[in-house]
Every structure is written in structure tokens, then in C-alpha cells.
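See below for start.json, which holds JSON, C-alpha atoms and all ligand atoms.
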```json
[["chain", "number", "residue", "atom", "x", "y", "z"],
["H", 1, "MET", "CA", 11.22, -14.24, -14.42],
["H", 2, "GLU", "CA", 12.16, -11.80, -11.70],
["H", 3, "ASN", "CA", 14.78, -12.47, -9.09],
["H", 4, "ILE", "CA", 13.11, -11.65, -5.77],
["H", 5, "GLN", "CA", 14.82, -11.52, -2.40],
["H", 6, "ILE", "CA", 12.70, -11.31, 0.72],
["H", 7, "LYS", "CA", 13.65, -9.72, 4.00],
["H", 8, "LYS", "CA", 11.32, -9.47, 6.98],
["H", 9, "ALA", "CA", 12.14, -6.75, 9.47],
["H", 10, "PHE", "CA", 10.74, -6.74, 12.97],
["H", 11, "SER", "CA", 12.73, -3.70, 14.01],
["H", 12, "GLN", "CA", 14.54, -0.83, 12.37],
["H", 13, "ALA", "CA", 17.88, -2.62, 12.87],
["H", 14, "ASP", "CA", 16.75, -5.21, 10.31],
["H", 15, "PHE", "CA", 15.97, -2.70, 7.54],
["H", 16, "PRO", "CA", 18.13, -3.25, 4.43],
["H", 17, "GLN", "CA", 21.21, -1.05, 4.36],
["H", 18, "GLU", "CA", 21.95, -0.93, 0.66],
["H", 19, "PRO", "CA", 20.15, 2.10, -0.78],
["H", 20, "LEU", "CA", 17.77, 1.11, -3.56],
["H", 21, "PRO", "CA", 14.61, 2.86, -4.71],
["H", 22, "GLU", "CA", 11.75, 1.73, -2.49],
["H", 23, "MET", "CA", 8.03, 1.75, -3.21],
["H", 24, "ALA", "CA", 5.94, 1.47, -0.09],
["H", 25, "PHE", "CA", 2.51, -0.19, 0.04],
["H", 26, "VAL", "CA", 0.30, 1.05, 2.86],
["H", 27, "GLY", "CA", -3.27, 0.16, 3.69],
["H", 28, "ARG", "CA", -5.83, -0.91, 6.22],
["H", 29, "SER", "CA", -5.68, -4.57, 7.26],
["H", 30, "ASN", "CA", -7.45, -6.78, 4.73],
["H", 31, "VAL", "CA", -7.41, -4.12, 1.99],
["H", 32, "GLY", "CA", -5.75, -6.61, -0.37],
["H", 33, "LYS", "CA", -2.15, -5.45, -0.09],
["H", 34, "SER", "CA", -0.49, -8.87, -0.06],
["H", 35, "SER", "CA", -2.76, -10.18, -2.80],
["H", 36, "LEU", "CA", -1.88, -7.25, -5.01],
["H", 37, "ILE", "CA", 1.88, -7.61, -4.54],
["H", 38, "ASN", "CA", 1.65, -11.34, -5.31],
["H", 39, "PHE", "CA", -0.44, -10.58, -8.37],
["H", 40, "VAL", "CA", 1.89, -7.92, -9.76],
["H", 41, "PHE", "CA", 4.93, -10.14, -9.40],
["H", 42, "ARG", "CA", 3.05, -13.28, -10.45],
["H", 43, "GLN", "CA", 3.94, -15.11, -7.27],
["H", 44, "LYS", "CA", 1.66, -17.41, -5.36],
["H", 45, "ASN", "CA", 3.07, -17.05, -1.89],
["H", 46, "LEU", "CA", 5.46, -14.15, -1.91],
["H", 47, "CYS", "CA", 3.22, -12.40, 0.57],
["H", 48, "PRO", "CA", 1.05, -14.67, 2.68],
["H", 49, "ILE", "CA", -2.66, -13.90, 2.36],
["H", 50, "SER", "CA", -4.34, -14.06, 5.69],
["H", 51, "LYS", "CA", -7.91, -14.53, 6.76],
["H", 52, "THR", "CA", -7.05, -12.99, 10.13],
["H", 53, "PRO", "CA", -6.71, -9.21, 9.80],
["H", 54, "GLY", "CA", -3.93, -7.49, 11.66],
["H", 55, "LYS", "CA", -1.57, -10.44, 11.73],
["H", 56, "THR", "CA", 1.42, -9.05, 9.85],
["H", 57, "ARG", "CA", 3.58, -7.02, 12.21],
["H", 58, "SER", "CA", 6.82, -7.03, 10.23],
["H", 59, "VAL", "CA", 7.90, -4.75, 7.41],
["H", 60, "ASN", "CA", 8.53, -7.03, 4.44],
["H", 61, "PHE", "CA", 11.09, -5.93, 1.86],
["H", 62, "TYR", "CA", 11.04, -7.54, -1.58],
["H", 63, "THR", "CA", 14.12, -6.71, -3.60],
["H", 64, "ILE", "CA", 13.35, -7.15, -7.29],
["H", 65, "ASN", "CA", 16.25, -7.95, -9.64],
["H", 66, "HIS", "CA", 18.66, -6.15, -7.26],
["H", 67, "LYS", "CA", 17.17, -2.99, -8.71],
["H", 68, "PHE", "CA", 14.35, -1.74, -6.48],
["H", 69, "ARG", "CA", 12.26, -2.76, -3.48],
["H", 70, "ILE", "CA", 8.61, -3.22, -2.82],
["H", 71, "VAL", "CA", 7.85, -2.65, 0.84],
["H", 72, "ASP", "CA", 4.81, -4.32, 2.39],
["H", 73, "LEU", "CA", 3.99, -2.41, 5.58],
["H", 74, "PRO", "CA", 1.85, -3.79, 8.41],
["H", 75, "GLY", "CA", -1.85, -3.11, 7.99],
["H", 76, "TYR", "CA", -3.37, -0.43, 10.17],
["H", 77, "GLY", "CA", -6.78, 0.08, 11.67],
["H", 78, "TYR", "CA", -6.91, -3.18, 13.48],
["H", 79, "ALA", "CA", -7.03, -2.80, 17.24],
["H", 80, "LYS", "CA", -9.32, -4.40, 19.77],
["H", 81, "ILE", "CA", -9.38, -1.29, 21.92],
["H", 82, "SER", "CA", -8.44, 1.83, 20.05],
["H", 83, "LYS", "CA", -7.79, 4.75, 22.31],
["H", 84, "SER", "CA", -6.72, 7.20, 19.67],
["H", 85, "ILE", "CA", -6.29, 7.25, 15.93],
["H", 86, "HIS", "CA", -2.53, 6.97, 16.08],
["H", 87, "GLN", "CA", -2.61, 3.93, 18.32],
["H", 88, "THR", "CA", -4.06, 1.86, 15.52],
["H", 89, "TRP", "CA", -1.02, 2.57, 13.35],
["H", 90, "PRO", "CA", 1.58, -0.06, 13.95],
["H", 91, "ASP", "CA", 4.82, 1.51, 15.25],
["H", 92, "MET", "CA", 6.66, -0.01, 12.33],
["H", 93, "ILE", "CA", 4.86, 2.26, 9.85],
["H", 94, "LYS", "CA", 6.27, 5.29, 11.61],
["H", 95, "GLU", "CA", 9.73, 3.77, 11.97],
["H", 96, "TYR", "CA", 9.85, 2.88, 8.32],
["H", 97, "PHE", "CA", 8.97, 6.34, 7.00],
["H", 98, "GLU", "CA", 11.21, 8.11, 9.46],
["H", 99, "HIS", "CA", 14.29, 6.01, 8.69],
["H", 100, "GLN", "CA", 14.27, 4.90, 5.09],
["H", 101, "LEU", "CA", 15.43, 7.68, 2.83],
["H", 102, "ASN", "CA", 15.01, 6.13, -0.60],
["H", 103, "ILE", "CA", 11.24, 6.12, -0.82],
["H", 104, "THR", "CA", 10.43, 6.98, -4.42],
["H", 105, "ALA", "CA", 6.68, 6.33, -4.33],
["H", 106, "ILE", "CA", 3.89, 5.42, -1.92],
["H", 107, "PHE", "CA", 0.90, 3.32, -2.90],
["H", 108, "PHE", "CA", -1.95, 4.02, -0.51],
["H", 109, "LEU", "CA", -4.55, 1.27, -0.81],
["H", 110, "VAL", "CA", -8.25, 1.74, -0.17],
["H", 111, "ASP", "CA", -10.88, -1.02, -0.33],
["H", 112, "SER", "CA", -13.54, -0.08, -2.88],
["H", 113, "ARG", "CA", -16.29, -1.46, -0.66],
["H", 114, "ARG", "CA", -15.38, 0.41, 2.48],
["H", 115, "ASP", "CA", -15.92, 3.98, 3.47],
["H", 116, "ILE", "CA", -12.88, 6.21, 3.67],
["H", 117, "THR", "CA", -12.55, 7.10, 7.33],
["H", 118, "ARG", "CA", -11.06, 9.98, 9.21],
["H", 119, "GLU", "CA", -8.27, 7.63, 10.22],
["H", 120, "ASP", "CA", -7.43, 6.97, 6.55],
["H", 121, "LEU", "CA", -7.29, 10.71, 5.85],
["H", 122, "VAL", "CA", -5.00, 11.45, 8.78],
["H", 123, "LEU", "CA", -2.58, 8.77, 7.69],
["H", 124, "PHE", "CA", -2.78, 9.84, 4.05],
["H", 125, "GLU", "CA", -1.96, 13.44, 4.90],
["H", 126, "TRP", "CA", 0.90, 12.35, 7.13],
["H", 127, "LEU", "CA", 2.33, 10.22, 4.30],
["H", 128, "CYS", "CA", 2.24, 13.11, 1.83],
["H", 129, "GLN", "CA", 5.24, 14.69, 3.61],
["H", 130, "TYR", "CA", 7.44, 11.79, 2.52],
["H", 131, "THR", "CA", 6.92, 11.95, -1.23],
["H", 132, "ASP", "CA", 5.26, 13.85, -4.05],
["H", 133, "SER", "CA", 4.58, 10.53, -5.71],
["H", 134, "ILE", "CA", 1.67, 9.13, -3.80],
["H", 135, "TYR", "CA", -0.91, 6.95, -5.50],
["H", 136, "ILE", "CA", -4.35, 6.07, -4.24],
["H", 137, "VAL", "CA", -5.00, 2.51, -5.24],
["H", 138, "ILE", "CA", -8.62, 1.42, -5.05],
["H", 139, "THR", "CA", -8.69, -2.35, -4.57],
["H", 140, "LYS", "CA", -11.18, -5.18, -5.26],
["H", 141, "THR", "CA", -12.97, -3.23, -7.99],
["H", 142, "ASP", "CA", -14.43, -6.49, -9.33],
["H", 143, "LYS", "CA", -16.75, -6.27, -6.31],
["H", 144, "ILE", "CA", -18.37, -2.96, -7.24],
["H", 145, "ASN", "CA", -20.60, -1.88, -10.11],
["H", 146, "GLN", "CA", -20.34, 1.16, -12.35],
["H", 147, "LYS", "CA", -22.64, 3.27, -10.19],
["H", 148, "GLU", "CA", -20.70, 2.51, -7.02],
["H", 149, "LYS", "CA", -17.51, 3.28, -8.88],
["H", 150, "SER", "CA", -18.71, 6.77, -9.83],
["H", 151, "GLN", "CA", -19.83, 7.48, -6.26],
["H", 152, "LEU", "CA", -16.46, 6.38, -4.98],
["H", 153, "THR", "CA", -14.66, 8.53, -7.53],
["H", 154, "ARG", "CA", -16.57, 11.59, -6.37],
["H", 155, "ARG", "CA", -15.71, 10.96, -2.74],
["H", 156, "ILE", "CA", -12.06, 10.45, -3.51],
["H", 157, "ASP", "CA", -11.93, 13.56, -5.67],
["H", 158, "LYS", "CA", -13.24, 15.46, -2.68],
["H", 159, "PHE", "CA", -10.53, 14.38, -0.30],
["H", 160, "THR", "CA", -7.67, 14.57, -2.78],
["H", 161, "GLU", "CA", -8.44, 18.01, -4.20],
["H", 162, "ASN", "CA", -5.48, 20.28, -3.50],
["H", 163, "THR", "CA", -3.22, 17.32, -2.78],
["H", 164, "VAL", "CA", -0.49, 15.81, -4.91],
["H", 165, "ALA", "CA", -2.51, 12.63, -5.28],
["H", 166, "SER", "CA", -5.35, 14.22, -7.21],
["H", 167, "LYS", "CA", -4.10, 12.83, -10.50],
["H", 168, "ASN", "CA", -2.80, 9.53, -9.21],
["H", 169, "ILE", "CA", -5.84, 7.37, -8.66],
["H", 170, "ILE", "CA", -5.62, 3.78, -9.80],
["H", 171, "TYR", "CA", -8.48, 1.26, -9.81],
["H", 172, "VAL", "CA", -7.37, -2.35, -9.51],
["H", 173, "SER", "CA", -8.56, -5.89, -9.11],
["H", 174, "ILE", "CA", -6.45, -9.02, -8.92],
["H", 175, "LYS", "CA", -8.90, -10.48, -11.43],
["H", 176, "SER", "CA", -7.90, -8.03, -14.14],
["H", 177, "GLN", "CA", -4.66, -8.32, -16.10],
["H", 178, "GLU", "CA", -5.08, -4.69, -17.13],
["H", 179, "SER", "CA", -4.64, -3.73, -13.45],
["H", 180, "ARG", "CA", -1.28, -5.43, -13.39],
["H", 181, "LYS", "CA", -0.11, -3.40, -16.36],
["H", 182, "VAL", "CA", -1.38, -0.12, -14.92],
["H", 183, "LEU", "CA", 0.43, -0.72, -11.64],
["H", 184, "LEU", "CA", 3.67, -1.79, -13.30],
["H", 185, "ASP", "CA", 3.55, 1.31, -15.49],
["H", 186, "ALA", "CA", 3.17, 3.52, -12.42],
["H", 187, "MET", "CA", 6.05, 1.75, -10.63],
["H", 188, "ASN", "CA", 8.29, 2.05, -13.66],
["H", 189, "GLN", "CA", 8.18, 5.80, -13.36],
["H", 190, "HIS", "CA", 9.89, 5.65, -9.98],
["H", 191, "LEU", "CA", 12.80, 3.28, -10.49],
["D", 201, "LIG", "N1", -12.64, -10.05, -5.03],
["D", 201, "LIG", "C1", -11.42, -9.67, -4.70],
["D", 201, "LIG", "N2", -10.88, -10.06, -3.52],
["D", 201, "LIG", "C2", -9.63, -9.66, -3.21],
["D", 201, "LIG", "C3", -8.88, -8.82, -4.09],
["D", 201, "LIG", "N3", -7.69, -8.57, -3.51],
["D", 201, "LIG", "C4", -7.70, -9.22, -2.31],
["D", 201, "LIG", "N4", -8.86, -9.87, -2.11],
["D", 201, "LIG", "C5", -9.24, -10.68, -0.90],
["D", 201, "LIG", "O1", -9.20, -9.84, 0.26],
["D", 201, "LIG", "C6", -8.73, -10.57, 1.42],
["D", 201, "LIG", "C7", -7.56, -9.86, 2.07],
["D", 201, "LIG", "O2", -6.44, -9.89, 1.20],
["D", 201, "LIG", "P1", -4.94, -9.69, 1.70],
["D", 201, "LIG", "O3", -4.12, -9.60, 0.47],
["D", 201, "LIG", "O4", -4.54, -10.72, 2.71],
["D", 201, "LIG", "O5", -5.02, -8.26, 2.43],
["D", 201, "LIG", "P2", -3.92, -7.46, 3.28],
["D", 201, "LIG", "O6", -4.28, -7.68, 4.73],
["D", 201, "LIG", "O7", -4.10, -6.05, 2.90],
["D", 201, "LIG", "O8", -2.57, -7.99, 2.92],
["D", 201, "LIG", "C8", -8.38, -11.97, 0.91],
["D", 201, "LIG", "O9", -9.47, -12.83, 1.22],
["D", 201, "LIG", "C9", -8.23, -11.79, -0.60],
["D", 201, "LIG", "O10", -8.53, -12.95, -1.33],
["D", 201, "LIG", "C10", -9.49, -8.43, -5.35],
["D", 201, "LIG", "O11", -8.93, -7.69, -6.20],
["D", 201, "LIG", "N5", -10.75, -8.87, -5.59],
["D", 202, "MG", "MG", -0.98, -8.72, 4.13]]
```
Represent the structure contained in this file as C-alpha cells.
Amino acid sequence: MENIQIKKAFSQADFPQEPLPEMAFVGRSNVGKSSLINFVFRQKNLCPISKTPGKTRSVNFYTINHKFRIVDLPGYGYAKISKSIHQTWPDMIKEYFEHQLNITAIFFLVDSRRDITREDLVLFEWLCQYTDSIYIVITKTDKINQKEKSQLTRRIDKFTENTVASKNIIYVSIKSQESRKVLLDAMNQHL
């Protein structure tokens, strides 16, 4: 059983000071970020799952066995009035990437049933400056069939060609134990 310590940060001043490898999870609100973190660490309520998108405003740090951290960033893309692309990114996403220096990998989550938008691409490209180890994690794959999966793969190939992520695409579902193993294997490479 893992030892997990949780720290919620509402401002940069609350970010953990002790340098440990950090793996950041980024994704649109409701993409399945909290569910996936709970699933990987076999916890029921480590990350609260919400029916109301856009609720989490804090950066949540989960320190695992005093060895590394999983960082659950606020979901983006949820704004009642969105004036520009960047205004739908919570400020804390920017603060996190600009201040934490031990980011060893980024997991960029995309919902298998939603179209990849221009907003996703802008954020993805911006994130690429912070690490060479960026994974595209396609979530909720239990909801799509084989044909939809191939279509999705083609679209993703198109936007990742010439980027570091082209070989790091992971398909996951919290209903598949294999997904858990695949994710843990990827994380293990960045401890
Ligand atoms: N079918 C299915 N539903 C999922 C999966 N992962 C998450 N969900 C559902 O998607 C919704 C949003 O999940 P949540 O983890 O709160 O998303 P977050 O906003 O990105 O943290 C919840 O209703 C989850 O039960 C999955 O792999 N398969
Ligand atoms: Mg969440």
C-alpha cells in the first residue's frame, strides 16, 4: 500500500518546497483526470470526482511514498463567457509550470468522445516547452468502438507529427486493469 500525502495549493506560496520528481496531469474539465488518478493509486476518494465541471481551482499535490508527486491541475476550458483562449486556462496552470522546476513528465488528457479543439492544441504546444516527456492520454476508451478508435488515432497522429509526443500516446479506461499497468509503466520511467 502506498503512503500518500495530499497538499492542496490555492496559490504559488502553498506549492511544496522539497524538490521531488513531479508528474503533472492536465486536461479539460470532466476529461476524467481525478478518476484516473484515483484508479492508478487504487484510492476511492483521493481526488474528488465532480459532476460539476470547472469546480477544482486548486493545484493538488499527491506525494507518493515520499518519492515523487502526482500533480492534479485545475481543468481548463470551462468558462461561462470566454473572451479569449487563454482566459479559459486557470491562472494556476500557468503559475505551476512557471514555478515548479522538477517536472519530469506531463500527462495531457483528452476525452475519446470529444473533438480536439484549437484550444487543446494551443495548450499542448505551450506545455511542450516544459518537458520532452509529454504523453497524450486518451480517456474513457470503454465508450468508443474500434472504428472510432482508429479515426481518433488518425486525428491525433496529425496533430502530434513533428512533436515529441508522437510516440507517447496512451489509451486508457478506468474499467481496464491493463490501463493501470500501462500508466504506471510510463510513470516509472520518470521517477
Ligand atoms: N465510462 C467512463 N467514464 C469515466 C472514465 N473516467 C472518468 N469517467 C467519468 O467522467 C466524469 C468526469 O470525471 P472526473 O474524474 O471528475 O473528471 P475531471 O474533471 O477531469 O477530474 C465522471 O462522471 C466519471 O465517472 C472512464 O474511463 N470511463
Ligand atoms: Mg477533477
Exercise for the section: May I have the residues within 6 Å of Pro21 of chain H as a PyMOL selection string, using only C-alpha atoms and disregarding those fewer than 2 positions away in the same chain? Expected result: chain H and resi 68+102+104
Exercise for the section: Extract, using only C-alpha atoms, all DNA, RNA and protein residues at most 12 Å from Phe159 of chain H, discarding same-chain residues fewer than 2 positions from it, and format them as an MDAnalysis selection string. Expected result: chainID H and resid 116:118 120:122 124:125 136 152:157 161:166 169
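Remark: for ligand MG 202 (chain D), the closest of the candidate residues H:Ser133, H:Thr139, H:Ser34, H:Ser11 is H:Ser34 (distances computed over all atoms listed in the file).
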Practice task
Identify, on the basis of all atoms listed in the file, every residue whose closest approach to Asp91 of chain H does not exceed 12 Å; exclude the query and any residue fewer than 3 positions from it along the same chain; express the result as a PyMOL selection string.
Solution key: chain H and resi 10-12+57-59+73-76+86-88+94-98
Practice task
Have a look at H:Ile144, H:Val182, H:Leu123, H:Ile103 and name the one nearest to Gly77 of chain H; count only C-alpha atoms.
Solution key: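 Among the listed residues, the smallest separation from Gly77 of chain H belongs to H:Leu123.
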Problem - d(atom CA of Arg180 of chain H, atom CA of Pro19 of chain H) in Å - result: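 That distance, rounded to one decimal, is 26.0 Å.
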Practice task
Could you jot down the atom CA of Ser35 of chain H to atom N3 of ligand LIG 201 (chain D) separation for me, Å, one decimal place?
Solution key: 5.2 Å
Handout entry: Residue among H:Leu46, H:Asn3, H:Gln100, H:Lys158 lying closest to Leu20 of chain H, counting all atoms listed in the file
Key =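 Comparing H:Leu46, H:Asn3, H:Gln100, H:Lys158 against Leu20 of chain H, the winner is H:Gln100.
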Any chance you could work out the axis-aligned box around segment 24-43 of chain H, listed atoms only, 3 Å on each side, giving centre and edge lengths in Å to one decimal, as AutoDock Vina command-line options?
```
--center_x -0.8 --center_y -6.8 --center_z -1.6 --size_x 19.4 --size_y 22.6 --size_z 23.7
```
Completion exercise
Correct to one decimal, the distance atom CA of Lys8 of chain H-atom CA of Leu109 of chain H is 20.7 Å
Exercise for the section: Find, counting only C-alpha atoms and all ligand atoms, the residue in H:Thr131, H:Asn188, H:Asn30, H:Asn60 that gets nearest to ligand LIG 201 (chain D). Expected result: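 Using only C-alpha atoms and all ligand atoms, the shortest distance to ligand LIG 201 (chain D) belongs to H:Asn30.
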Problem - Selection near Arg42 of chain H, 10 Å with all atoms listed in the file, sequence-local residues under 4 positions removed, as a list in words - result: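 In the requested format, the answer is Met1, Glu2, Leu36, Ile37, Asn38, Leu46 and Arg180 of chain H.
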Handout entry: Pick from H:Gly32, H:Gly27, H:Pro16, H:Pro90 nearest to Tyr135 of chain H, counting only C-alpha atoms
Key =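 Among the listed residues, H:Gly27 lies closest to Tyr135 of chain H.
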Exercise for the section: Point out the residue among H:Asn45, H:Ser150, H:Gln5, H:Thr63 with the least atom-to-atom distance to ligand LIG 201 (chain D), counting all atoms listed in the file. Expected result: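 Answer, going by the shortest atom-to-atom distance: H:Asn45.
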